[in-house]
Amino acid sequence: MTPLRLFVYGTLKRGFHNHRFVVQASAIQPAWTWGRLWHLHAGFPALEVPDQCIIARASDRPRRDARVQAMTPPDEFPGGKPVGDWDLVSGEVVTLTDPDVDLPPIDRLEGFRSAAARNLYDRVLVTVWLQDGGLEPVTAWTYDGRQLPGRLGRCTEWPPAEPSLTKPPPINRRRILTAPLYDVY
């Protein structure tokens with residue numbers, strides 16, 4: 001069976017609560033890719049992948065997606081960077097040896113059903129650079145959450161190092177208690 005590589009950047013990484021979904025991975029390697037990583041009010045991140053970096057969109061058939069990944073060479077960009085205001089986002093590449101068994105629970109966690117469906121996150125194929133001993137470009141699937149609301153701030157790794165991005169702004173209780181219950185026009 002063809003293994004499937006998955007670039008993870010948030011709660012699926014080592015040391016975080018959803019890592020249990022990828023503990024069966026045959027390899028976990030530090031990596032990076034291009035995008036915008038948003039820390040969300042809900043307490044987890046969302047990666048926005050540049051359209052020009054999306055090589056393919058996932059199906060609801062993990063084995064097919066593993067074959068697409070295996071047959072697709074990594075993309076290189078003229079000048080080494082996609083056009084626009086994009087960051088190098090760090091994460092990990094997990095290699096799943098049995099995509100038919102290993103990937104569906106992760107897809108459910110991420111709210112992905114198929115490319116044709118309305119998803120919480122879309123799974124897309126991108127180029128990532130493995131950081132083990134050098135920079136080796138490979139293709140990997142990742143979850144694009146560009147449509148998710150509640151962005152607190154932009155970061156390049158999650159959790160963000162800046163404390164102001166890790167918690168929502170304080171609630172002004174005085175304003176809530178003194179606000180009128182209705183407006184008179």
# chains A, B, ... in the order shown; residues from 1 in each chain; ligands from 1

call {"tool": "closest_atom_pairs", "arguments": {"of": "range 89-169 of chain A", "to": "range 3-24 of chain A", "cutoff": "7 Å", "atoms": "only C-alpha atoms", "output": "CSV"}}
result
residue,atom,partner,partner_atom,distance
A:Ser90,CA,A:Tyr9,CA,6.6
A:Gly91,CA,A:Tyr9,CA,4.3
A:Glu92,CA,A:Val8,CA,5.3
A:Val93,CA,A:Phe7,CA,4.4
A:Val94,CA,A:Leu6,CA,5.3
A:Thr95,CA,A:Arg5,CA,4.5
A:Leu96,CA,A:Leu4,CA,5.1
A:Thr97,CA,A:Pro3,CA,4.4
A:Asp98,CA,A:Pro3,CA,6.3
A:Pro99,CA,A:Leu4,CA,6.1
A:Ile106,CA,A:Phe21,CA,6.3
A:Ala140,CA,A:Arg5,CA,4.8
A:Trp141,CA,A:Leu6,CA,4.7
A:Thr142,CA,A:Phe7,CA,5.0
A:Trp158,CA,A:Gly10,CA,5.7

call {"tool": "write_last_selection", "arguments": {"atoms": "N, CA and C atoms", "output": "short mmCIF file (atom, residue, chain, number, x, y, z; two decimals), in the first residue's frame"}}
result
data_model
loop_
_atom_site.label_atom_id
_atom_site.label_comp_id
_atom_site.auth_asym_id
_atom_site.auth_seq_id
_atom_site.Cartn_x
_atom_site.Cartn_y
_atom_site.Cartn_z
N SER A 90 5.75 26.52 10.08
CA SER A 90 6.39 25.29 10.54
C SER A 90 5.36 24.30 11.06
N GLY A 91 5.72 23.02 10.94
CA GLY A 91 4.85 21.95 11.40
C GLY A 91 5.61 20.64 11.34
N GLU A 92 4.85 19.57 11.16
CA GLU A 92 5.44 18.24 11.08
C GLU A 92 4.78 17.47 9.95
N VAL A 93 5.56 16.62 9.28
CA VAL A 93 5.01 15.71 8.29
C VAL A 93 4.90 14.34 8.95
N VAL A 94 3.69 13.81 9.01
CA VAL A 94 3.47 12.47 9.53
C VAL A 94 3.21 11.54 8.34
N THR A 95 3.83 10.38 8.36
CA THR A 95 3.66 9.41 7.28
C THR A 95 2.75 8.29 7.77
N LEU A 96 1.62 8.14 7.09
CA LEU A 96 0.62 7.14 7.45
C LEU A 96 0.76 5.96 6.49
N THR A 97 1.06 4.78 7.01
CA THR A 97 1.32 3.62 6.15
C THR A 97 0.05 2.96 5.64
N ASP A 98 -1.08 3.14 6.31
CA ASP A 98 -2.35 2.57 5.86
C ASP A 98 -3.40 3.68 5.81
N PRO A 99 -3.38 4.47 4.72
CA PRO A 99 -4.29 5.62 4.64
C PRO A 99 -5.77 5.26 4.78
N ILE A 106 -8.92 11.21 11.09
CA ILE A 106 -8.34 12.57 11.05
C ILE A 106 -9.22 13.48 10.20
N ALA A 140 2.79 16.68 0.27
CA ALA A 140 2.06 16.20 1.44
C ALA A 140 0.68 16.84 1.43
N TRP A 141 -0.28 16.14 1.99
CA TRP A 141 -1.62 16.69 2.17
C TRP A 141 -1.62 17.54 3.43
N THR A 142 -2.43 18.57 3.45
CA THR A 142 -2.62 19.37 4.65
C THR A 142 -4.05 19.88 4.67
N TRP A 158 2.48 27.21 15.73
CA TRP A 158 1.41 27.14 16.73
C TRP A 158 1.84 26.18 17.83
#

call {"tool": "select_by_dssp", "arguments": {"residues": "range 106-149 of chain A", "states": "strand (DSSP E)", "output": "VMD selection string"}}
result
chain A and resid 122 to 130 136 to 144

call {"tool": "residues_around", "arguments": {"residues": "range 63-65 of chain A", "least_positions_apart": "4", "cutoff": "7 Å", "atoms": "only C-alpha atoms", "output": "compact mmCIF listing (two decimals) with C-alpha atoms, in the first residue's frame"}}
result
# COMPACT_ATOMS: atom_id res chain seq x y z
CA ALA A 58 -8.47 15.59 -1.88
CA SER A 59 -11.15 13.04 -2.52
CA GLN A 69 0.62 12.21 -3.88
CA PRO A 99 -4.29 5.62 4.64
CA ASP A 100 -7.58 3.69 4.38

call {"tool": "residues_around", "arguments": {"residues": "Pro45 in chain A", "least_positions_apart": "6", "cutoff": "10 Å", "atoms": "only C-alpha atoms", "output": "list of chain:residue names"}}
result
A:Tyr9, A:Gly10, A:Thr11, A:Leu37, A:Trp38, A:His39, A:Gly145, A:Leu148, A:Arg151, A:Leu152, A:Gly153, A:Arg154, A:Cys155, A:Glu157, A:Trp158, A:Pro159, A:Pro160

call {"tool": "closest_residue", "arguments": {"among": "A:Asp75, A:Asp122, A:Asp102, A:Asp85", "to": "Pro137 in chain A", "atoms": "only C-alpha atoms"}}
result
A:Asp75

call {"tool": "residues_around", "arguments": {"residues": "Tyr121 in chain A", "least_positions_apart": "4", "cutoff": "7 Å", "atoms": "only C-alpha atoms", "output": "list in words"}}
result
Glu110, Gly111, Phe112, Tyr143, Asp144 and Gly145 of chain A

call {"tool": "select_by_dssp", "arguments": {"residues": "range 40-104 of chain A", "states": "alpha helix (DSSP H)", "output": "list in words"}}
result
Pro62, Arg63, Arg64, Asp65, Ala66, Arg67, Val68, Gln69, Ala70, Met71, Pro99, Asp100, Val101, Asp102, Leu103 and Pro104 of chain A

call {"tool": "write_last_selection", "arguments": {"atoms": "C-alpha atoms", "output": "PDB file, in the first residue's frame"}}
result
ATOM      1  CA  PRO A  62      -7.563   7.915   1.006  1.00  0.00           C
ATOM      2  CA  ARG A  63      -5.857   5.224  -1.108  1.00  0.00           C
ATOM      3  CA  ARG A  64      -6.500   7.272  -4.268  1.00  0.00           C
ATOM      4  CA  ASP A  65      -5.115  10.382  -2.565  1.00  0.00           C
ATOM      5  CA  ALA A  66      -1.973   8.468  -1.536  1.00  0.00           C
ATOM      6  CA  ARG A  67      -1.432   7.436  -5.187  1.00  0.00           C
ATOM      7  CA  VAL A  68      -1.964  11.019  -6.408  1.00  0.00           C
ATOM      8  CA  GLN A  69       0.616  12.211  -3.883  1.00  0.00           C
ATOM      9  CA  ALA A  70       3.111   9.497  -4.881  1.00  0.00           C
ATOM     10  CA  MET A  71       2.815  10.378  -8.590  1.00  0.00           C
ATOM     11  CA  PRO A  99      -4.294   5.621   4.638  1.00  0.00           C
ATOM     12  CA  ASP A 100      -7.583   3.693   4.382  1.00  0.00           C
ATOM     13  CA  VAL A 101      -7.480   3.046   8.139  1.00  0.00           C
ATOM     14  CA  ASP A 102      -5.450   5.998   9.454  1.00  0.00           C
ATOM     15  CA  LEU A 103      -6.840   8.964   7.511  1.00  0.00           C
ATOM     16  CA  PRO A 104     -10.673   8.794   7.940  1.00  0.00           C
TER      17      PRO A 104
END

call {"tool": "atom_distance", "arguments": {"atom1": "CA of Arg123 in chain A", "atom2": "CA of Arg146 in chain A"}}
result
11.3 Å

call {"tool": "atom_distance", "arguments": {"atom1": "CA of Val124 in chain A", "atom2": "CA of Asp87 in chain A"}}
result
17.6 Å

call {"tool": "atom_distance", "arguments": {"atom1": "CA of Leu125 in chain A", "atom2": "CA of Ala27 in chain A"}}
result
18.5 Å
